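The next block holds one structure in the form of structure tokens; read it before the comments.
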Amino acid sequence: MDDLANDSAVRPLLSEARLIYAITVPLSTAIILANLVIILGISCNRQLYNTPNYFFLSLLVADLCTGVALPFIPWMGLNRPLSFSSCLLVHIFPNFLFLAFLFNLVIVHYERYMCIVSPLHYSSFWVHRRFPLVLLAVWAPPLLYASLPAFGWNNRAGPGWNGCCSRVFPNAFIYLEVYGLLAPAILSIAGMTGRVLWITRGQMKDICRLHRSVATRGGGQASEREQRLNLRYTRCVAAVSLTFLACWVPYIIYIHVCVAFLLSKETRGNSTTHIVLSCTGIGSMAVMPLVLGLANRQYTDPVRKLLHKLRDRWRRRQDSEDMAL
């Protein structure tokens with residue numbers, strides 16, 4: 001009877017583990033490899049040794065750590081037979097990496113936002129002058145907040161404690177993290193992105209107006225150039241909108257739906273839904289730095305040149321073998 005009970009308890013965990021690893025291992029591997037490629041590209045180009053790229057490098061390191069922790073994040077909402085100290089560790093460490101990633105993402109967007117809003121004062125911006133302090137500010141607060149349950153703000157003696165799951169975090173801790181840290185960070189990123197697009201639209205109108213005045217004096221028309229500029233701006237807006245929808249909407253759905261799952265009394269029945277939402281939500285958000293990095297040719301030039309050299313060497317070897325035959 002005990003063996004049957006143990007088998008019935010182990011089978012759901014095995015099926016959940018297969019589902020988690022089937023989704024997270026390929027996604028985590030892709031995130032880790034892509035981050036390593038971009039980090040290698042920045043490290044090999046001395047022209048990229050400046051403060052903005054240092055911030056972006058810090059973001060890539062945080063994203064790399066998030067990719068490493070991705071297979072463990074879906075387990076945070078599931079019951080597991082772990083001791084309380086082990087339970088705290090497996091919840092605090094992924095939570096810290098995720099919060100550090102989000103803080104780094106906000107500071108990268110803020111730094112680039114200020115570059116566009118006030119380009120004349122960009123070099124003397126306080127973020128550049130206080131780089132070590134800012135870097136400490138995007139790593140230390142996430143560590144402190146994520147460690148609060150280890151210092152007593154936990155639910156060990158609460159009525160919901162029954163094995164290791166997200167109930168180790170009190171409801172107030174979860175609400176504060178979601179609606180006090182995550183939601184403002186996402187809204188600030190969306191606001192800065194919208195403001196940049198608005199500024200870009202105004203600059204494009206000024207350029208079109210200048211083209212019209214020059215064309216009028218020259219007796220020609222600038223409608224074709226205006227159409228090109230409008231088309232380019234439309235593509236930019238479409239790319240930003242699609243990136244936001246693909247990278248942020250799954251995560252926004254995840255944090256709102258999973259708050260109900262994490263705070264509900266029944267988590268076993270919703271385990272599959274929680275696993276799929278957590279994997280797609282965290283994974284899609286972790287793709288955001290990769291989109292920013294791979295879109296910059298300076299970051300990928302060293303790897304591209306290396307691949308070209310390997311391809312040329314392989315072709316020369318093939319040609320020499322054909323000549324020998």
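Quick note on naming: the chains in the structure tokens go A, B, ... in the order shown, residues restart at 1 in each chain, and ligands are numbered from 1 in order of appearance.
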
Q | Contact residues around A:Asp301 with only C-alpha atoms at 12 Å, ignoring same-chain residues under 2 positions, as a VMD selection string | A | chain A and resid 37 to 45 48 293 to 299 303 to 308

Q. Could you name the residues that touch A:Ile116 at 12 Å or less, counting only C-alpha atoms, but leaving out those on the same chain fewer than 6 positions away, as a ChimeraX atom specification?
A. /A:109-110,122-123,192-193,195-200,203

How would the residues just picked look written out with all heavy atoms as a tab-separated table (two decimals), in the first residue's frame?
chain	number	residue	atom	x	y	z
A	109	HIS	N	17.18	50.69	-20.94
A	109	HIS	CA	16.19	51.50	-21.65
A	109	HIS	C	16.29	52.96	-21.23
A	109	HIS	O	16.17	53.86	-22.08
A	109	HIS	CB	14.78	50.97	-21.36
A	109	HIS	CG	14.38	49.82	-22.24
A	109	HIS	ND1	14.78	48.53	-21.99
A	109	HIS	CD2	13.61	49.78	-23.35
A	109	HIS	CE1	14.27	47.74	-22.92
A	109	HIS	NE2	13.57	48.46	-23.76
A	110	TYR	N	16.52	53.21	-19.96
A	110	TYR	CA	16.61	54.58	-19.47
A	110	TYR	C	17.83	55.29	-20.05
A	110	TYR	O	17.75	56.46	-20.45
A	110	TYR	CB	16.67	54.59	-17.95
A	110	TYR	CG	16.78	55.97	-17.34
A	110	TYR	CD1	15.73	56.88	-17.45
A	110	TYR	CD2	17.92	56.36	-16.66
A	110	TYR	CE1	15.82	58.14	-16.89
A	110	TYR	CE2	18.02	57.61	-16.11
A	110	TYR	CZ	16.97	58.50	-16.21
A	110	TYR	OH	17.08	59.76	-15.67
A	122	TYR	N	24.35	64.20	-23.15
A	122	TYR	CA	24.42	62.75	-22.97
A	122	TYR	C	25.73	62.31	-22.32
A	122	TYR	O	25.74	61.47	-21.43
A	122	TYR	CB	24.24	62.08	-24.34
A	122	TYR	CG	24.37	60.59	-24.31
A	122	TYR	CD1	23.44	59.79	-23.64
A	122	TYR	CD2	25.43	59.95	-24.96
A	122	TYR	CE1	23.55	58.42	-23.63
A	122	TYR	CE2	25.55	58.58	-24.95
A	122	TYR	CZ	24.61	57.82	-24.29
A	122	TYR	OH	24.74	56.46	-24.26
A	123	SER	N	26.84	62.91	-22.77
A	123	SER	CA	28.15	62.48	-22.25
A	123	SER	C	28.35	62.82	-20.77
A	123	SER	O	29.11	62.15	-20.08
A	123	SER	CB	29.27	63.11	-23.08
A	123	SER	OG	29.19	64.51	-23.05
A	192	MET	N	8.86	54.86	-21.86
A	192	MET	CA	10.07	55.37	-22.52
A	192	MET	C	10.09	55.01	-24.00
A	192	MET	O	10.49	55.81	-24.85
A	192	MET	CB	11.32	54.82	-21.81
A	192	MET	CG	11.58	55.46	-20.46
A	192	MET	SD	13.13	54.93	-19.70
A	192	MET	CE	12.70	53.27	-19.17
A	193	THR	N	9.65	53.79	-24.33
A	193	THR	CA	9.60	53.39	-25.74
A	193	THR	C	8.60	54.24	-26.52
A	193	THR	O	8.89	54.68	-27.64
A	193	THR	CB	9.22	51.91	-25.85
A	193	THR	OG1	10.14	51.12	-25.09
A	193	THR	CG2	9.24	51.45	-27.30
A	195	ARG	N	7.63	57.28	-25.77
A	195	ARG	CA	8.18	58.64	-25.86
A	195	ARG	C	9.24	58.74	-26.96
A	195	ARG	O	9.28	59.72	-27.71
A	195	ARG	CB	8.78	59.03	-24.51
A	195	ARG	CG	9.49	60.37	-24.47
A	195	ARG	CD	8.57	61.52	-24.74
A	195	ARG	NE	9.26	62.79	-24.58
A	195	ARG	CZ	8.82	63.94	-25.07
A	195	ARG	NH1	7.67	63.98	-25.73
A	195	ARG	NH2	9.51	65.05	-24.88
A	196	VAL	N	10.07	57.72	-27.10
A	196	VAL	CA	11.09	57.71	-28.16
A	196	VAL	C	10.43	57.69	-29.53
A	196	VAL	O	10.85	58.41	-30.46
A	196	VAL	CB	12.03	56.51	-27.97
A	196	VAL	CG1	12.89	56.29	-29.21
A	196	VAL	CG2	12.93	56.72	-26.76
A	197	LEU	N	9.39	56.88	-29.70
A	197	LEU	CA	8.68	56.85	-30.97
A	197	LEU	C	8.03	58.19	-31.28
A	197	LEU	O	8.00	58.63	-32.44
A	197	LEU	CB	7.63	55.74	-30.96
A	197	LEU	CG	8.16	54.30	-30.95
A	197	LEU	CD1	7.01	53.32	-30.84
A	197	LEU	CD2	8.98	54.02	-32.20
A	198	TRP	N	7.51	58.86	-30.26
A	198	TRP	CA	6.89	60.17	-30.46
A	198	TRP	C	7.94	61.20	-30.89
A	198	TRP	O	7.70	62.01	-31.79
A	198	TRP	CB	6.20	60.61	-29.18
A	198	TRP	CG	5.48	61.93	-29.30
A	198	TRP	CD1	5.92	63.15	-28.92
A	198	TRP	CD2	4.17	62.12	-29.85
A	198	TRP	NE1	4.99	64.11	-29.19
A	198	TRP	CE2	3.90	63.52	-29.76
A	198	TRP	CE3	3.21	61.28	-30.39
A	198	TRP	CZ2	2.69	64.06	-30.20
A	198	TRP	CZ3	2.00	61.83	-30.84
A	198	TRP	CH2	1.77	63.20	-30.73
A	199	ILE	N	9.10	61.18	-30.26
A	199	ILE	CA	10.18	62.09	-30.64
A	199	ILE	C	10.65	61.80	-32.06
A	199	ILE	O	10.90	62.71	-32.86
A	199	ILE	CB	11.34	61.98	-29.64
A	199	ILE	CG1	10.93	62.50	-28.27
A	199	ILE	CG2	12.57	62.75	-30.14
A	199	ILE	CD1	11.96	62.29	-27.18
A	200	THR	N	10.76	60.52	-32.39
A	200	THR	CA	11.17	60.14	-33.74
A	200	THR	C	10.16	60.62	-34.77
A	200	THR	O	10.53	61.08	-35.86
A	200	THR	CB	11.31	58.61	-33.83
A	200	THR	OG1	12.22	58.17	-32.82
A	200	THR	CG2	11.84	58.19	-35.19
A	203	GLN	N	10.75	64.36	-35.29
A	203	GLN	CA	11.95	64.60	-36.09
A	203	GLN	C	11.72	64.26	-37.56
A	203	GLN	O	12.21	64.95	-38.46
A	203	GLN	CB	13.11	63.79	-35.53
A	203	GLN	CG	13.58	64.24	-34.16
A	203	GLN	CD	14.67	63.35	-33.59
A	203	GLN	OE1	14.93	62.26	-34.11
A	203	GLN	NE2	15.31	63.80	-32.51

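By chain and then residue number, the residues within 9 Å of stretch 15-20 of chain A are Val10, Val25, Pro71, Phe72, Pro74, Trp75, Ser271, Thr272, Ile275, Val276 and Cys279 of chain A, counting only C-alpha atoms and disregarding those fewer than 5 positions away in sequence.
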
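When only C-alpha atoms are used to compute distances to A:Ser58, the closest of the residues A:Val237, A:Ala22, A:Pro289, A:Asn155 turns out to be A:Pro289.
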
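Candidate residues A:Leu14, A:Leu310, A:Met323, A:Leu102 were compared for distance to A:Ala185, and the nearest is A:Leu102, using only C-alpha atoms.
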
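For A:Pro132, the set of protein, DNA and RNA residues having any atom at most 12 Å away, when counting only C-alpha atoms and skipping those fewer than 6 positions along the same chain, is Thr51, Tyr54, Phe55, Ser58, Trp126, Val138, Trp139 and Ala140 of chain A.
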
Write the selection just made, keeping all heavy atoms, as an mmCIF file, in the first residue's frame?
data_model
loop_
_atom_site.group_PDB
_atom_site.id
_atom_site.type_symbol
_atom_site.label_atom_id
_atom_site.label_comp_id
_atom_site.auth_asym_id
_atom_site.auth_seq_id
_atom_site.Cartn_x
_atom_site.Cartn_y
_atom_site.Cartn_z
ATOM 1 N N THR A 51 30.565 53.149 -21.494
ATOM 2 C CA THR A 51 29.566 52.954 -20.443
ATOM 3 C C THR A 51 28.255 52.374 -20.940
ATOM 4 O O THR A 51 27.718 51.452 -20.313
ATOM 5 C CB THR A 51 29.317 54.292 -19.721
ATOM 6 O OG1 THR A 51 30.553 54.791 -19.205
ATOM 7 C CG2 THR A 51 28.343 54.095 -18.563
ATOM 8 N N TYR A 54 28.723 48.790 -21.375
ATOM 9 C CA TYR A 54 28.917 48.113 -20.087
ATOM 10 C C TYR A 54 27.568 47.808 -19.433
ATOM 11 O O TYR A 54 27.377 46.738 -18.846
ATOM 12 C CB TYR A 54 29.774 48.964 -19.160
ATOM 13 C CG TYR A 54 31.217 49.092 -19.594
ATOM 14 C CD1 TYR A 54 31.980 50.188 -19.229
ATOM 15 C CD2 TYR A 54 31.816 48.102 -20.373
ATOM 16 C CE1 TYR A 54 33.308 50.309 -19.624
ATOM 17 C CE2 TYR A 54 33.133 48.215 -20.770
ATOM 18 C CZ TYR A 54 33.877 49.317 -20.396
ATOM 19 O OH TYR A 54 35.188 49.431 -20.801
ATOM 20 N N PHE A 55 26.641 48.765 -19.528
ATOM 21 C CA PHE A 55 25.284 48.515 -19.020
ATOM 22 C C PHE A 55 24.635 47.365 -19.779
ATOM 23 O O PHE A 55 23.980 46.500 -19.183
ATOM 24 C CB PHE A 55 24.426 49.775 -19.143
ATOM 25 C CG PHE A 55 24.690 50.789 -18.076
ATOM 26 C CD1 PHE A 55 25.044 52.086 -18.402
ATOM 27 C CD2 PHE A 55 24.574 50.473 -16.737
ATOM 28 C CE1 PHE A 55 25.285 53.034 -17.428
ATOM 29 C CE2 PHE A 55 24.817 51.407 -15.749
ATOM 30 C CZ PHE A 55 25.166 52.691 -16.095
ATOM 31 N N SER A 58 26.088 44.132 -18.681
ATOM 32 C CA SER A 58 25.497 43.708 -17.415
ATOM 33 C C SER A 58 24.121 43.084 -17.638
ATOM 34 O O SER A 58 23.769 42.082 -17.001
ATOM 35 C CB SER A 58 25.384 44.910 -16.466
ATOM 36 O OG SER A 58 24.737 44.555 -15.264
ATOM 37 N N TRP A 126 24.422 61.701 -15.474
ATOM 38 C CA TRP A 126 24.836 61.180 -14.177
ATOM 39 C C TRP A 126 25.018 59.665 -14.185
ATOM 40 O O TRP A 126 25.831 59.127 -13.434
ATOM 41 C CB TRP A 126 23.811 61.566 -13.105
ATOM 42 C CG TRP A 126 22.479 60.892 -13.247
ATOM 43 C CD1 TRP A 126 21.409 61.322 -13.964
ATOM 44 C CD2 TRP A 126 22.083 59.652 -12.648
ATOM 45 N NE1 TRP A 126 20.368 60.434 -13.877
ATOM 46 C CE2 TRP A 126 20.746 59.414 -13.061
ATOM 47 C CE3 TRP A 126 22.709 58.731 -11.812
ATOM 48 C CZ2 TRP A 126 20.040 58.275 -12.667
ATOM 49 C CZ3 TRP A 126 22.012 57.601 -11.419
ATOM 50 C CH2 TRP A 126 20.690 57.385 -11.856
ATOM 51 N N VAL A 138 21.526 48.206 -9.568
ATOM 52 C CA VAL A 138 20.689 47.276 -10.322
ATOM 53 C C VAL A 138 20.906 45.825 -9.904
ATOM 54 O O VAL A 138 20.168 44.945 -10.364
ATOM 55 C CB VAL A 138 20.937 47.419 -11.842
ATOM 56 C CG1 VAL A 138 20.542 48.800 -12.316
ATOM 57 C CG2 VAL A 138 22.368 47.106 -12.201
ATOM 58 N N TRP A 139 21.895 45.572 -9.037
ATOM 59 C CA TRP A 139 22.133 44.205 -8.558
ATOM 60 C C TRP A 139 21.854 44.047 -7.066
ATOM 61 O O TRP A 139 21.338 42.992 -6.642
ATOM 62 C CB TRP A 139 23.571 43.785 -8.853
ATOM 63 C CG TRP A 139 23.825 43.476 -10.294
ATOM 64 C CD1 TRP A 139 24.317 44.315 -11.247
ATOM 65 C CD2 TRP A 139 23.573 42.229 -10.961
ATOM 66 N NE1 TRP A 139 24.404 43.679 -12.460
ATOM 67 C CE2 TRP A 139 23.963 42.398 -12.314
ATOM 68 C CE3 TRP A 139 23.088 40.993 -10.545
ATOM 69 C CZ2 TRP A 139 23.848 41.372 -13.255
ATOM 70 C CZ3 TRP A 139 22.984 39.965 -11.485
ATOM 71 C CH2 TRP A 139 23.360 40.164 -12.813
ATOM 72 N N ALA A 140 22.177 45.057 -6.265
ATOM 73 C CA ALA A 140 22.022 44.912 -4.812
ATOM 74 C C ALA A 140 20.559 44.914 -4.359
ATOM 75 O O ALA A 140 20.169 44.036 -3.562
ATOM 76 C CB ALA A 140 22.810 46.013 -4.101
#

Q | Two-atom distance - atom CA of A:Ile174, atom CA of A:Val259 (Å) | A |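 We find that atom CA of A:Ile174 and atom CA of A:Val259 lie 7.7 Å from each other.
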
Q: Report the distance between atom CA of A:Val240 and atom CA of A:Ile207 in Å, rounded to one decimal place.
A: 21.6 Å

Q: Taking the chain letters and numbering used in this document, name the residues of stretch 47-219 of chain A that DSSP puts in alpha helix (DSSP H), as number ranges by chain.
A: A: 51-69, 84-117, 126-129, 131-146, 171-176, 183-218

Find the residues around A:Leu70 up to 10 Å (only C-alpha atoms counted), leave out those fewer than 4 positions away in its own chain, and share them as a CSV table (one decimal) with all heavy atoms, in the first residue's frame.
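Saved the output as out-v7.csv:
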chain,number,residue,atom,x,y,z
A,20,ILE,N,8.3,20.3,-18.1
A,20,ILE,CA,9.2,21.4,-17.8
A,20,ILE,C,10.5,21.4,-18.6
A,20,ILE,O,10.9,22.4,-19.3
A,20,ILE,CB,9.5,21.5,-16.3
A,20,ILE,CG1,8.2,21.9,-15.5
A,20,ILE,CG2,10.6,22.5,-16.0
A,20,ILE,CD1,8.4,21.9,-14.0
A,21,TYR,N,11.1,20.2,-18.6
A,21,TYR,CA,12.4,20.1,-19.3
A,21,TYR,C,12.3,20.1,-20.8
A,21,TYR,O,13.1,20.6,-21.5
A,21,TYR,CB,13.2,18.9,-18.8
A,21,TYR,CG,13.6,19.0,-17.4
A,21,TYR,CD1,13.4,17.9,-16.5
A,21,TYR,CD2,14.1,20.2,-16.8
A,21,TYR,CE1,13.8,18.0,-15.2
A,21,TYR,CE2,14.5,20.2,-15.5
A,21,TYR,CZ,14.3,19.2,-14.7
A,21,TYR,OH,14.6,19.2,-13.4
A,23,ILE,N,10.2,21.9,-22.4
A,23,ILE,CA,10.0,23.3,-22.9
A,23,ILE,C,11.2,24.2,-22.6
A,23,ILE,O,11.6,25.0,-23.4
A,23,ILE,CB,8.7,23.9,-22.2
A,23,ILE,CG1,7.5,23.1,-22.6
A,23,ILE,CG2,8.5,25.4,-22.6
A,23,ILE,CD1,6.2,23.6,-21.9
A,24,THR,N,11.7,24.0,-21.4
A,24,THR,CA,12.8,25.0,-20.9
A,24,THR,C,14.2,24.7,-21.4
A,24,THR,O,14.9,25.6,-21.6
A,24,THR,CB,12.8,25.0,-19.4
A,24,THR,OG1,13.1,23.7,-18.8
A,24,THR,CG2,11.5,25.5,-18.8
A,25,VAL,N,14.5,23.4,-21.6
A,25,VAL,CA,15.9,23.1,-22.0
A,25,VAL,C,16.2,23.6,-23.4
A,25,VAL,O,17.3,24.3,-23.5
A,25,VAL,CB,16.1,21.6,-21.9
A,25,VAL,CG1,17.5,21.2,-22.6
A,25,VAL,CG2,16.1,21.1,-20.5
A,27,LEU,N,14.8,26.2,-24.9
A,27,LEU,CA,14.7,27.6,-24.8
A,27,LEU,C,15.8,28.2,-24.0
A,27,LEU,O,16.5,29.2,-24.4
A,27,LEU,CB,13.3,28.0,-24.1
A,27,LEU,CG,13.0,29.5,-24.0
A,27,LEU,CD1,13.0,30.1,-25.4
A,27,LEU,CD2,11.7,29.7,-23.3
A,28,SER,N,16.2,27.5,-22.9
A,28,SER,CA,17.3,28.0,-22.1
A,28,SER,C,18.6,27.9,-22.8
A,28,SER,O,19.5,28.8,-22.8
A,28,SER,CB,17.4,27.1,-20.8
A,28,SER,OG,18.5,27.5,-20.0
A,29,THR,N,18.8,26.8,-23.6
A,29,THR,CA,20.0,26.6,-24.4
A,29,THR,C,20.2,27.7,-25.4
A,29,THR,O,21.3,28.3,-25.6
A,29,THR,CB,20.0,25.2,-25.1
A,29,THR,OG1,19.9,24.2,-24.1
A,29,THR,CG2,21.3,25.0,-25.8
A,31,ILE,N,18.8,30.8,-25.3
A,31,ILE,CA,19.1,32.0,-24.6
A,31,ILE,C,20.6,32.1,-24.2
A,31,ILE,O,21.2,33.1,-24.4
A,31,ILE,CB,18.2,32.2,-23.4
A,31,ILE,CG1,16.7,32.4,-23.9
A,31,ILE,CG2,18.6,33.4,-22.6
A,31,ILE,CD1,15.7,32.4,-22.8
A,64,LEU,N,21.8,36.0,-19.2
A,64,LEU,CA,22.4,34.6,-19.2
A,64,LEU,C,22.1,33.8,-18.0
A,64,LEU,O,21.7,32.6,-18.0
A,64,LEU,CB,23.9,34.8,-19.4
A,64,LEU,CG,24.8,33.6,-19.4
A,64,LEU,CD1,24.5,32.7,-20.6
A,64,LEU,CD2,26.3,33.9,-19.3
A,65,CYS,N,22.1,34.5,-16.8
A,65,CYS,CA,21.8,33.9,-15.6
A,65,CYS,C,20.3,33.5,-15.5
A,65,CYS,O,19.9,32.4,-15.0
A,65,CYS,CB,22.1,34.8,-14.4
A,65,CYS,SG,23.9,35.1,-14.2
A,66,THR,N,19.4,34.3,-16.1
A,66,THR,CA,18.0,34.0,-16.2
A,66,THR,C,17.8,32.8,-17.1
A,66,THR,O,17.0,31.9,-16.8
A,66,THR,CB,17.2,35.2,-16.8
A,66,THR,OG1,17.4,36.3,-16.0
A,66,THR,CG2,15.7,34.9,-16.9
A,74,PRO,N,9.7,27.2,-13.3
A,74,PRO,CA,8.3,26.6,-13.2
A,74,PRO,C,8.1,25.8,-11.9
A,74,PRO,O,7.0,25.6,-11.5
A,74,PRO,CB,8.3,25.7,-14.4
A,74,PRO,CG,9.2,26.3,-15.4
A,74,PRO,CD,10.3,26.9,-14.5
A,75,TRP,N,9.2,25.3,-11.3
A,75,TRP,CA,9.0,24.5,-10.1
A,75,TRP,C,8.6,25.4,-8.9
A,75,TRP,O,8.2,24.8,-7.9
A,75,TRP,CB,10.4,23.8,-9.7
A,75,TRP,CG,10.7,22.7,-10.7
A,75,TRP,CD1,11.7,22.7,-11.7
A,75,TRP,CD2,10.2,21.4,-10.7
A,75,TRP,NE1,11.7,21.5,-12.3
A,75,TRP,CE2,10.8,20.7,-11.7
A,75,TRP,CE3,9.2,20.8,-10.0
A,75,TRP,CZ2,10.5,19.4,-12.0
A,75,TRP,CZ3,8.9,19.4,-10.3
A,75,TRP,CH2,9.5,18.8,-11.3
A,94,PRO,N,16.4,32.0,-8.0
A,94,PRO,CA,15.8,32.4,-9.3
A,94,PRO,C,15.1,33.7,-9.2
A,94,PRO,O,15.1,34.5,-10.2
A,94,PRO,CB,14.8,31.2,-9.6
A,94,PRO,CG,15.3,30.1,-8.8
A,94,PRO,CD,15.9,30.7,-7.5
A,97,LEU,N,17.7,36.5,-9.6
A,97,LEU,CA,18.2,36.6,-10.9
A,97,LEU,C,17.2,37.3,-11.8
A,97,LEU,O,17.6,38.1,-12.7
A,97,LEU,CB,18.6,35.2,-11.5
A,97,LEU,CG,19.8,34.5,-10.8
A,97,LEU,CD1,20.0,33.1,-11.4
A,97,LEU,CD2,21.0,35.3,-10.9
A,98,PHE,N,16.0,36.9,-11.7
A,98,PHE,CA,14.9,37.5,-12.5
A,98,PHE,C,14.8,39.0,-12.2
A,98,PHE,O,14.6,39.8,-13.1
A,98,PHE,CB,13.6,36.8,-12.2
A,98,PHE,CG,12.4,37.5,-12.8
A,98,PHE,CD1,12.2,37.5,-14.2
A,98,PHE,CD2,11.5,38.1,-12.0
A,98,PHE,CE1,11.2,38.2,-14.7
A,98,PHE,CE2,10.4,38.8,-12.5
A,98,PHE,CZ,10.2,38.8,-13.9
A,278,SER,N,4.5,29.9,-17.2
A,278,SER,CA,5.8,30.3,-16.7
A,278,SER,C,6.9,30.2,-17.7
A,278,SER,O,7.8,31.1,-17.8
A,278,SER,CB,6.1,29.6,-15.4
A,278,SER,OG,6.2,28.2,-15.6
A,279,CYS,N,6.9,29.1,-18.4
A,279,CYS,CA,8.0,28.9,-19.4
A,279,CYS,C,7.9,29.9,-20.5
A,279,CYS,O,8.9,30.5,-20.9
A,279,CYS,CB,7.9,27.5,-20.0
A,279,CYS,SG,8.3,26.2,-18.8
A,282,ILE,N,8.4,33.8,-18.9
A,282,ILE,CA,9.8,34.2,-18.6
A,282,ILE,C,10.7,34.1,-19.8
A,282,ILE,O,11.6,34.9,-20.1
A,282,ILE,CB,10.3,33.3,-17.5
A,282,ILE,CG1,9.4,33.5,-16.2
A,282,ILE,CG2,11.7,33.7,-17.1
A,282,ILE,CD1,9.4,34.8,-15.6
A,283,GLY,N,10.5,33.0,-20.6
A,283,GLY,CA,11.3,32.8,-21.8
A,283,GLY,C,11.1,33.9,-22.8
A,283,GLY,O,12.1,34.4,-23.4
A,286,ALA,N,12.9,37.0,-21.6
A,286,ALA,CA,14.4,36.9,-21.7
A,286,ALA,C,14.9,37.1,-23.1
A,286,ALA,O,16.1,37.3,-23.3
A,286,ALA,CB,14.8,35.5,-21.2

(Q) When you count only C-alpha atoms, which of these residues is closest to A:Asn104: A:Ile92, A:Ala172, A:Ile189, A:Ala62? (A)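 Among the listed residues, A:Ala62 lies closest to A:Asn104.
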
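Between atom CA of A:Phe131 and atom CA of A:Met114 lies a distance of 14.9 Å.
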